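Source file: input-v1.pdb. Holds: PDB, C-alpha atoms.
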ATOM      1  CA  MET S   5     251.965  25.164 261.053
ATOM      2  CA  LEU S   6     254.351  27.453 259.197
ATOM      3  CA  ASN S   7     256.518  25.742 256.604
ATOM      4  CA  GLU S   8     258.997  28.585 256.458
ATOM      5  CA  ILE S   9     259.841  31.170 259.107
ATOM      6  CA  ASP S  10     261.792  34.324 258.407
ATOM      7  CA  LEU S  11     263.766  34.503 261.653
ATOM      8  CA  SER S  12     265.000  37.965 260.789
ATOM      9  CA  ARG S  13     261.424  39.172 261.205
ATOM     10  CA  THR S  14     260.736  37.177 264.404
ATOM     11  CA  ASP S  15     260.949  39.171 267.635
ATOM     12  CA  LEU S  16     262.604  37.205 270.441
ATOM     13  CA  ASN S  17     260.791  39.454 272.914
ATOM     14  CA  LEU S  18     257.569  37.676 271.950
ATOM     15  CA  LEU S  19     258.947  34.489 273.491
ATOM     16  CA  VAL S  20     259.813  36.402 276.663
ATOM     17  CA  LEU S  21     256.260  37.772 276.699
ATOM     18  CA  PHE S  22     254.904  34.224 276.238
ATOM     19  CA  GLU S  23     256.895  32.921 279.212
ATOM     20  CA  ILE S  24     255.789  35.766 281.507
ATOM     21  CA  VAL S  25     252.122  35.344 280.590
ATOM     22  CA  MET S  26     252.440  31.594 281.215
ATOM     23  CA  GLU S  27     253.767  32.346 284.691
ATOM     24  CA  GLU S  28     251.323  35.118 285.616
ATOM     25  CA  ARG S  29     248.168  33.888 283.829
ATOM     26  CA  HIS S  30     247.135  37.552 283.779
ATOM     27  CA  VAL S  31     247.704  40.259 281.147
ATOM     28  CA  GLY S  32     247.841  43.151 283.646
ATOM     29  CA  ARG S  33     250.403  41.515 285.944
ATOM     30  CA  SER S  34     252.459  40.446 282.929
ATOM     31  CA  ALA S  35     252.448  44.051 281.700
ATOM     32  CA  GLU S  36     253.751  45.249 285.082
ATOM     33  CA  ARG S  37     256.617  42.730 285.034
ATOM     34  CA  LEU S  38     257.547  43.657 281.475
ATOM     35  CA  ASN S  39     257.155  47.399 282.075
ATOM     36  CA  LEU S  40     254.631  47.560 279.248
ATOM     37  CA  SER S  41     251.005  48.645 278.940
ATOM     38  CA  PRO S  42     248.295  45.937 278.975
ATOM     39  CA  SER S  43     247.424  46.909 275.389
ATOM     40  CA  ALA S  44     251.045  46.328 274.331
ATOM     41  CA  VAL S  45     250.960  42.858 275.905
ATOM     42  CA  SER S  46     247.657  42.098 274.169
ATOM     43  CA  HIS S  47     249.138  43.278 270.857
ATOM     44  CA  GLY S  48     252.183  41.057 271.407
ATOM     45  CA  LEU S  49     249.948  38.066 272.122
ATOM     46  CA  GLY S  50     248.123  38.775 268.886
ATOM     47  CA  ARG S  51     251.388  38.631 266.974
ATOM     48  CA  LEU S  52     252.267  35.361 268.716
ATOM     49  CA  ARG S  53     248.895  33.861 267.804
ATOM     50  CA  THR S  54     249.526  34.722 264.174
ATOM     51  CA  LEU S  55     253.074  33.375 264.301
ATOM     52  CA  LEU S  56     252.175  30.100 266.044
ATOM     53  CA  GLY S  57     248.716  29.539 264.588
ATOM     54  CA  ASP S  58     246.950  29.060 267.916
ATOM     55  CA  PRO S  59     244.901  31.232 270.342
ATOM     56  CA  LEU S  60     247.516  30.357 273.053
ATOM     57  CA  PHE S  61     245.674  32.081 275.942
ATOM     58  CA  LEU S  62     241.925  32.226 276.606
ATOM     59  CA  LYS S  63     240.304  34.951 278.689
ATOM     60  CA  THR S  64     238.608  34.096 282.007
ATOM     61  CA  PRO S  65     237.012  36.321 284.678
ATOM     62  CA  THR S  66     240.257  36.177 286.682
ATOM     63  CA  GLY S  67     242.863  36.315 283.902
ATOM     64  CA  VAL S  68     243.876  33.947 281.118
ATOM     65  CA  VAL S  69     244.438  30.198 280.815
ATOM     66  CA  PRO S  70     246.801  28.536 278.333
ATOM     67  CA  THR S  71     245.517  26.333 275.529
ATOM     68  CA  ASP S  72     246.837  22.810 275.128
ATOM     69  CA  ARG S  73     249.176  24.083 272.415
ATOM     70  CA  ALA S  74     250.541  26.804 274.708
ATOM     71  CA  THR S  75     251.166  24.204 277.410
ATOM     72  CA  GLU S  76     253.062  22.052 274.896
ATOM     73  CA  LEU S  77     255.173  25.033 273.841
ATOM     74  CA  ALA S  78     256.022  26.184 277.375
ATOM     75  CA  ALA S  79     258.983  23.856 277.943
ATOM     76  CA  PRO S  80     260.575  24.298 274.480
ATOM     77  CA  ILE S  81     260.266  28.081 274.670
ATOM     78  CA  SER S  82     261.725  28.073 278.169
ATOM     79  CA  GLU S  83     264.666  26.017 276.878
ATOM     80  CA  ILE S  84     265.192  28.398 273.943
ATOM     81  CA  LEU S  85     265.297  31.415 276.268
ATOM     82  CA  ALA S  86     267.621  29.613 278.679
ATOM     83  CA  ARG S  87     270.027  28.823 275.832
ATOM     84  CA  VAL S  88     269.944  32.410 274.616
ATOM     85  CA  LYS S  89     270.603  33.651 278.140
ATOM     86  CA  ALA S  90     273.472  31.161 278.525
ATOM     87  CA  VAL S  91     275.051  32.462 275.319
ATOM     88  CA  ILE S  92     274.748  36.068 276.470
ATOM     89  CA  ASP S  93     275.996  35.259 279.979
ATOM     90  CA  SER S  94     279.002  33.466 278.528
ATOM     91  CA  VAL S  95     280.342  36.852 277.414
ATOM     92  CA  GLU S  96     280.952  37.543 281.104
ATOM     93  CA  PRO S  97     281.216  34.199 282.918
ATOM     94  CA  PHE S  98     279.368  33.827 286.206
ATOM     95  CA  ASP S  99     281.655  34.624 289.114
ATOM     96  CA  PRO S 100     280.081  33.972 292.536
ATOM     97  CA  ALA S 101     282.623  36.253 294.195
ATOM     98  CA  ARG S 102     281.379  39.197 292.099
ATOM     99  CA  SER S 103     277.798  38.309 291.250
ATOM    100  CA  SER S 104     274.907  40.174 292.889
ATOM    101  CA  ARG S 105     272.195  37.720 291.822
ATOM    102  CA  ARG S 106     269.277  36.597 293.978
ATOM    103  CA  PHE S 107     268.354  32.907 293.917
ATOM    104  CA  THR S 108     265.065  31.408 295.115
ATOM    105  CA  ILE S 109     265.110  28.004 296.803
ATOM    106  CA  GLY S 110     261.822  26.267 297.529
ATOM    107  CA  ALA S 111     261.592  23.778 300.398
ATOM    108  CA  PRO S 112     259.391  22.714 303.324
ATOM    109  CA  ASP S 113     260.589  24.340 306.534
ATOM    110  CA  GLY S 114     261.691  21.022 308.006
ATOM    111  CA  ALA S 115     264.310  20.866 305.237
ATOM    112  CA  SER S 116     265.184  24.541 304.698
ATOM    113  CA  SER S 117     265.826  24.925 308.431
ATOM    114  CA  VAL S 118     268.489  22.235 308.096
ATOM    115  CA  PHE S 119     270.423  23.079 304.918
ATOM    116  CA  LEU S 120     270.083  26.886 305.093
ATOM    117  CA  TRP S 121     272.488  27.469 307.983
ATOM    118  CA  GLN S 122     275.495  25.946 306.253
ATOM    119  CA  LEU S 123     274.710  27.925 303.122
ATOM    120  CA  LEU S 124     274.460  31.175 305.089
ATOM    121  CA  HIS S 125     277.731  30.356 306.808
ATOM    122  CA  ASP S 126     279.517  29.862 303.466
ATOM    123  CA  LEU S 127     278.032  32.714 301.412
ATOM    124  CA  PRO S 128     279.936  35.639 303.004
ATOM    125  CA  THR S 129     283.180  33.999 301.896
ATOM    126  CA  LEU S 130     282.151  32.322 298.635
ATOM    127  CA  ALA S 131     279.639  34.845 297.317
ATOM    128  CA  PRO S 132     279.344  37.953 299.503
ATOM    129  CA  ARG S 133     276.916  39.786 297.179
ATOM    130  CA  ILE S 134     274.574  36.898 296.363
ATOM    131  CA  ASP S 135     271.188  36.910 298.116
ATOM    132  CA  ILE S 136     268.907  33.972 298.858
ATOM    133  CA  CYS S 137     265.126  33.791 299.011
ATOM    134  CA  ILE S 138     263.540  30.773 300.710
ATOM    135  CA  ARG S 139     260.052  29.904 299.500
ATOM    136  CA  GLN S 140     257.897  27.543 301.541
ATOM    137  CA  LEU S 141     256.893  24.448 299.571
ATOM    138  CA  LEU S 142     254.110  22.220 300.827
ATOM    139  CA  PRO S 143     252.716  18.883 299.620
ATOM    140  CA  ARG S 144     249.128  18.520 298.529
ATOM    141  CA  GLN S 145     247.299  17.444 301.651
ATOM    142  CA  GLY S 146     245.876  13.934 301.630
ATOM    143  CA  GLN S 147     247.497  12.962 298.320
ATOM    144  CA  PRO S 148     248.658   9.322 298.667
ATOM    145  CA  VAL S 149     251.122   9.365 295.722
ATOM    146  CA  PRO S 150     254.352  11.312 296.438
ATOM    147  CA  SER S 151     254.832  12.391 292.808
ATOM    148  CA  PHE S 152     251.355  13.960 292.851
ATOM    149  CA  ALA S 153     251.791  15.350 296.361
ATOM    150  CA  TRP S 154     254.785  17.417 295.212
ATOM    151  CA  SER S 155     253.552  18.175 291.674
ATOM    152  CA  ASP S 156     252.937  21.824 292.623
ATOM    153  CA  ALA S 157     256.613  22.162 293.539
ATOM    154  CA  LEU S 158     257.626  20.756 290.148
ATOM    155  CA  ALA S 159     255.252  23.215 288.470
ATOM    156  CA  GLU S 160     256.942  26.102 290.290
ATOM    157  CA  LEU S 161     260.278  24.885 288.925
ATOM    158  CA  ASP S 162     258.844  24.698 285.412
ATOM    159  CA  ASN S 163     257.427  28.206 285.744
ATOM    160  CA  ARG S 164     260.749  29.541 287.091
ATOM    161  CA  ALA S 165     259.025  30.761 290.254
ATOM    162  CA  ILE S 166     261.900  29.051 292.050
ATOM    163  CA  ASP S 167     265.407  28.129 290.909
ATOM    164  CA  ILE S 168     265.811  24.963 292.971
ATOM    165  CA  ALA S 169     263.483  22.759 295.014
ATOM    166  CA  VAL S 170     264.619  20.729 298.024
ATOM    167  CA  ILE S 171     261.886  18.185 298.726
ATOM    168  CA  PRO S 172     261.404  14.571 299.898
ATOM    169  CA  LEU S 173     260.962  13.228 296.380
ATOM    170  CA  GLY S 174     263.406  11.191 294.334
ATOM    171  CA  ASP S 175     261.219   9.945 291.469
ATOM    172  CA  VAL S 176     260.904  12.957 289.159
ATOM    173  CA  PRO S 177     260.197  13.362 285.413
ATOM    174  CA  ALA S 178     263.134  13.146 283.004
ATOM    175  CA  ARG S 179     263.195  16.915 282.440
ATOM    176  CA  PHE S 180     264.638  17.358 285.952
ATOM    177  CA  THR S 181     267.982  16.457 287.464
ATOM    178  CA  THR S 182     268.367  15.528 291.141
ATOM    179  CA  ARG S 183     270.969  15.379 293.911
ATOM    180  CA  THR S 184     270.364  13.611 297.226
ATOM    181  CA  LEU S 185     271.360  15.991 300.030
ATOM    182  CA  TYR S 186     270.757  13.702 302.988
ATOM    183  CA  GLU S 187     268.584  10.930 304.390
ATOM    184  CA  GLU S 188     265.986  11.818 306.995
ATOM    185  CA  ASP S 189     263.712  10.060 309.461
ATOM    186  CA  PHE S 190     261.434  11.133 312.324
ATOM    187  CA  VAL S 191     261.902  11.243 316.078
ATOM    188  CA  ILE S 192     259.476  12.035 318.874
ATOM    189  CA  ALA S 193     260.083  15.488 320.345
ATOM    190  CA  MET S 194     258.954  16.764 323.743
ATOM    191  CA  ARG S 195     259.867  19.285 326.414
ATOM    192  CA  ALA S 196     262.829  18.568 328.676
ATOM    193  CA  GLY S 197     261.681  16.508 331.645
ATOM    194  CA  HIS S 198     258.648  15.059 329.879
ATOM    195  CA  PRO S 199     257.716  11.623 331.358
ATOM    196  CA  LEU S 200     257.825  10.011 327.913
ATOM    197  CA  ALA S 201     261.556  10.778 327.636
ATOM    198  CA  ALA S 202     262.307   8.499 330.582
ATOM    199  CA  ASN S 203     260.065   5.652 329.407
ATOM    200  CA  PRO S 204     259.354   5.895 325.659
ATOM    201  CA  THR S 205     257.288   2.723 325.319
ATOM    202  CA  PRO S 206     254.713   2.330 322.556
ATOM    203  CA  ALA S 207     251.893   2.364 325.123
ATOM    204  CA  ASN S 208     253.117   5.614 326.692
ATOM    205  CA  TYR S 209     253.500   7.141 323.261
ATOM    206  CA  TYR S 210     249.945   6.243 322.214
ATOM    207  CA  ALA S 211     248.591   7.658 325.469
ATOM    208  CA  SER S 212     250.315  11.048 325.050
ATOM    209  CA  ARG S 213     248.649  14.181 323.701
ATOM    210  CA  HIS S 214     249.983  14.837 320.205
ATOM    211  CA  LEU S 215     250.839  17.860 318.091
ATOM    212  CA  VAL S 216     250.791  17.480 314.294
ATOM    213  CA  VAL S 217     252.453  19.826 311.812
ATOM    214  CA  SER S 218     249.896  20.391 309.070
ATOM    215  CA  HIS S 219     249.581  23.541 306.987
ATOM    216  CA  SER S 220     245.934  22.756 306.184
ATOM    217  CA  GLY S 221     244.917  21.838 309.724
ATOM    218  CA  ASP S 222     244.228  18.229 308.715
ATOM    219  CA  PRO S 223     245.211  16.218 311.807
ATOM    220  CA  HIS S 224     245.700  12.912 309.968
ATOM    221  CA  GLY S 225     249.339  12.137 309.151
ATOM    222  CA  PHE S 226     251.607   9.210 308.366
ATOM    223  CA  VAL S 227     251.909   8.327 312.078
ATOM    224  CA  ASP S 228     248.169   7.671 312.068
ATOM    225  CA  VAL S 229     248.603   5.359 309.087
ATOM    226  CA  ALA S 230     251.248   3.399 311.015
ATOM    227  CA  LEU S 231     248.989   3.245 314.081
ATOM    228  CA  ALA S 232     245.934   2.203 312.072
ATOM    229  CA  GLU S 233     247.888  -0.771 310.699
ATOM    230  CA  ARG S 234     248.144  -1.917 314.328
ATOM    231  CA  GLY S 235     244.512  -1.178 315.106
ATOM    232  CA  LEU S 236     245.539   1.828 317.242
ATOM    233  CA  SER S 237     244.838   5.544 317.303
ATOM    234  CA  ARG S 238     246.014   8.647 319.174
ATOM    235  CA  ARG S 239     244.626  11.933 320.414
ATOM    236  CA  ILE S 240     245.750  14.905 318.317
ATOM    237  CA  SER S 241     245.304  17.918 320.562
ATOM    238  CA  LEU S 242     246.779  20.563 318.258
ATOM    239  CA  THR S 243     247.889  21.197 314.674
ATOM    240  CA  VAL S 244     250.312  23.984 313.722
ATOM    241  CA  PRO S 245     251.504  25.071 310.255
ATOM    242  CA  ASN S 246     255.288  24.602 310.573
ATOM    243  CA  PHE S 247     258.003  22.841 312.538
ATOM    244  CA  MET S 248     259.537  25.908 314.193
ATOM    245  CA  PHE S 249     256.157  26.792 315.657
ATOM    246  CA  ALA S 250     255.873  23.169 316.795
ATOM    247  CA  LEU S 251     259.132  23.408 318.765
ATOM    248  CA  ALA S 252     257.971  26.589 320.512
ATOM    249  CA  VAL S 253     254.681  24.956 321.556
ATOM    250  CA  ILE S 254     256.223  21.633 322.600
ATOM    251  CA  ALA S 255     258.707  23.451 324.826
ATOM    252  CA  GLU S 256     255.919  24.931 326.964
ATOM    253  CA  THR S 257     253.392  22.059 327.040
ATOM    254  CA  ASP S 258     253.103  18.305 327.534
ATOM    255  CA  LEU S 259     252.407  17.744 323.841
ATOM    256  CA  VAL S 260     254.667  15.443 321.832
ATOM    257  CA  SER S 261     255.283  15.469 318.086
ATOM    258  CA  ALA S 262     257.043  13.483 315.368
ATOM    259  CA  ILE S 263     259.541  15.826 313.672
ATOM    260  CA  PRO S 264     262.533  15.330 311.346
ATOM    261  CA  ARG S 265     265.574  14.025 313.213
ATOM    262  CA  ARG S 266     268.133  16.422 311.732
ATOM    263  CA  PHE S 267     265.817  19.370 312.267
ATOM    264  CA  ALA S 268     265.381  18.322 315.921
ATOM    265  CA  ALA S 269     269.132  17.884 316.392
ATOM    266  CA  MET S 270     269.891  21.358 315.001
ATOM    267  CA  HIS S 271     267.124  23.401 316.633
ATOM    268  CA  GLY S 272     265.600  21.473 319.535
ATOM    269  CA  SER S 273     268.107  22.607 322.153
ATOM    270  CA  HIS S 274     267.379  26.293 321.400
ATOM    271  CA  PHE S 275     263.846  25.688 322.636
ATOM    272  CA  GLY S 276     264.674  23.296 325.477
ATOM    273  CA  VAL S 277     263.177  20.419 323.486
ATOM    274  CA  THR S 278     264.515  16.886 323.620
ATOM    275  CA  TYR S 279     263.660  13.835 321.523
ATOM    276  CA  VAL S 280     263.744  10.035 321.476
ATOM    277  CA  ASP S 281     263.624   7.416 318.748
ATOM    278  CA  ALA S 282     260.077   6.667 317.674
ATOM    279  CA  PRO S 283     258.706   3.578 319.479
ATOM    280  CA  ILE S 284     257.061   2.453 316.215
ATOM    281  CA  ALA S 285     258.560   2.138 312.719
ATOM    282  CA  LEU S 286     258.150   5.397 310.792
ATOM    283  CA  PRO S 287     259.179   6.218 307.204
ATOM    284  CA  ARG S 288     262.681   7.182 306.173
ATOM    285  CA  PHE S 289     263.169   9.268 303.062
ATOM    286  CA  ASP S 290     265.718  11.213 301.047
ATOM    287  CA  ILE S 291     265.808  15.002 300.980
ATOM    288  CA  THR S 292     266.463  15.683 297.309
ATOM    289  CA  LEU S 293     267.594  18.750 295.389
ATOM    290  CA  VAL S 294     265.532  19.043 292.177
ATOM    291  CA  VAL S 295     266.257  21.434 289.299
ATOM    292  CA  PRO S 296     265.164  21.521 285.633
ATOM    293  CA  LYS S 297     267.871  20.195 283.339
ATOM    294  CA  VAL S 298     267.492  23.263 281.153
ATOM    295  CA  ALA S 299     268.176  25.495 284.172
ATOM    296  CA  MET S 300     271.572  23.838 284.609
ATOM    297  CA  MET S 301     272.697  25.718 281.502
ATOM    298  CA  ASP S 302     272.613  28.798 283.730
ATOM    299  CA  ALA S 303     276.091  28.927 285.292
ATOM    300  CA  GLY S 304     274.682  30.629 288.403
ATOM    301  CA  VAL S 305     272.112  27.913 289.028
ATOM    302  CA  ALA S 306     274.709  25.222 288.345
ATOM    303  CA  TRP S 307     277.011  26.862 290.912
ATOM    304  CA  LEU S 308     274.232  26.939 293.529
ATOM    305  CA  VAL S 309     273.410  23.281 292.865
ATOM    306  CA  SER S 310     277.068  22.361 293.307
ATOM    307  CA  THR S 311     277.296  24.409 296.508
ATOM    308  CA  LEU S 312     274.214  22.808 298.033
ATOM    309  CA  ALA S 313     275.241  19.319 296.897
ATOM    310  CA  GLN S 314     278.340  19.599 299.077
ATOM    311  CA  PHE S 315     276.120  20.035 302.102
ATOM    312  CA  SER S 316     276.319  17.150 304.586
ATOM    313  CA  PRO S 317     274.404  17.441 307.876
ATOM    314  CA  SER S 318     276.322  16.364 310.926
ATOM    315  CA  ALA S 319     273.296  15.117 312.878
ATOM    316  CA  PRO S 320     273.361  11.333 313.319
ATOM    317  CA  ALA S 321     271.053   9.208 311.213
ATOM    318  CA  SER S 322     268.883   6.523 312.769
ATOM    319  CA  SER S 323     269.962   2.913 312.470
ATOM    320  CA  ARG S 324     266.416   1.720 311.795
ATOM    321  CA  GLU S 325     265.808   0.183 308.401
ATOM    322  CA  ARG S 326     263.849   2.076 305.765
ATOM    323  CA  VAL S 327     260.191   1.083 305.766
ATOM    324  CA  ALA S 328     258.851  -0.118 302.474
ATOM    325  CA  THR S 329     256.424   2.716 301.809
ATOM    326  CA  GLN S 330     257.226   6.394 302.206
ATOM    327  CA  GLY S 331     254.580   8.625 303.773
ATOM    328  CA  THR S 332     253.158  11.176 301.342
ATOM    329  CA  ASN S 333     253.363  14.039 303.806
ATOM    330  CA  SER S 334     256.802  13.124 305.124
ATOM    331  CA  ALA S 335     257.891  16.763 305.347
ATOM    332  CA  SER S 336     254.546  18.038 306.560
ATOM    333  CA  ALA S 337     251.873  16.338 308.651
ATOM    334  CA  GLN S 338     252.751  13.623 311.115
TER
END
I need this file expressed as structure tokens, please.
Amino acid sequence: MLNEIDLSRTDLNLLVLFEIVMEERHVGRSAERLNLSPSAVSHGLGRLRTLLGDPLFLKTPTGVVPTDRATELAAPISEILARVKAVIDSVEPFDPARSSRRFTIGAPDGASSVFLWQLLHDLPTLAPRIDICIRQLLPRQGQPVPSFAWSDALAELDNRAIDIAVIPLGDVPARFTTRTLYEEDFVIAMRAGHPLAANPTPANYYASRHLVVSHSGDPHGFVDVALAERGLSRRISLTVPNFMFALAVIAETDLVSAIPRRFAAMHGSHFGVTYVDAPIALPRFDITLVVPKVAMMDAGVAWLVSTLAQFSPSAPASSRERVATQGTNSASAQ
């Protein structure tokens, strides 16, 4: 450790280089993002190693991996850069009416397909030059603990790959701040005129052919957990990777599927799909906006958080009580 540091001889660009290499885990890709040569990046890393007294990044056949010390430094360095950026940005305060920034929001499609439309409706008036990128976030398949299931999404927030995450997770580490956007539960969707719509008994539901939304193709979802508790099972005839695809398939077949209620209310009619309350108790959960606390020092991110937090879906919520345990893949497989 250095006892004294001459800040006048410390290049802030080295911290920027550190953050980019942490994100890319590759010297060549980092060089492209920084508009530098790979040798310049390697030279910069050498200066950082000398400054911080640690190898920081170790070479592998596919790139580099951070040392434990580099991992420890990632959050403090990110906070330092965010504070510097906030100071610089304060010279010209963020004005959504004039800004031409692009923000990236990560979410599973069952959530983004709900909150996005209101945002798109408001942007032409509130922020006509701001652009939005939606990045698909998915839980780790088969992970029984929600905090672990969505740990990849939290990592993308830490790495600044996304500005905001909207996920079914309320218990997050202290370095994040959260806003609950809305409560969600699942309904059973089917084509118009499907026999189950007229008589949605548990027995008829079990006997139906089922579609499961699963990005990995794993047919086992939280519905199967609920059925197994009753000593029951179902036939899963098809898995598809997202909910929009599910609606298109359900509309033209006799398959049924458990999908988010608000998503079904907003988009089902476009496909000729109807839905009924689930004949068995299924999980309810909160759709939560998650953002690093340090990112809230960015006036643009803070504005986007505030804008999204005002969102309130108009689709009715179910009157069923929340079940005690949330399903891990609540926004994915069912």
Please, which residues are within 12 Å of (260.4, 20.8, 312.5) by the file's coordinates, counting all atoms listed in the file, and could they come as JSON, numbers by chain? {"S": [112, 113, 114, 115, 116, 117, 118, 188, 189, 190, 191, 192, 193, 215, 216, 217, 218, 244, 245, 246, 247, 248, 249, 250, 251, 252, 253, 254, 261, 262, 263, 264, 265, 266, 267, 268, 269, 270, 271, 272, 275, 277, 279, 334, 335, 336, 337, 338]}
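For the point (249.8, 40.9, 274.6), the residues with at least one atom inside 9 Å, counting only C-alpha atoms, are Leu18, Leu21, Phe22, Val25, Val31, Ser34, Ala35, Ser41, Pro42, Ser43, Ala44, Val45, Ser46, His47, Gly48, Leu49, Gly50, Arg51 and Leu52 of chain S.
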Considering only C-alpha atoms, state which residue in the set S:Gly221, S:Pro287, S:Gly304, S:Pro70 is at the smallest distance from Pro100 in chain S. S:Gly304
Tell me which protein, DNA and RNA residues are within 7 Å of Thr108 in chain S, counting all atoms listed in the file, leaving out same-chain ones fewer than 6 positions away, and put them as a PyMOL selection string. chain S and resi 136-139+166-168
Explicit residues for the PyMOL selection byres ((chain S and resi 308-310) around 10) (as JSON, numbers by chain): {"S": [100, 107, 109, 123, 167, 168, 182, 183, 293, 294, 295, 300, 303, 304, 305, 306, 307, 311, 312, 313, 314, 315]}
Polymer residues at most 12 Å from range 199-211 of chain S, all atoms listed in the file, same-chain spacing of 4 or more positions, as a PyMOL selection string: chain S and resi 191-195+227-228+230-232+234-241+258-262+277-285
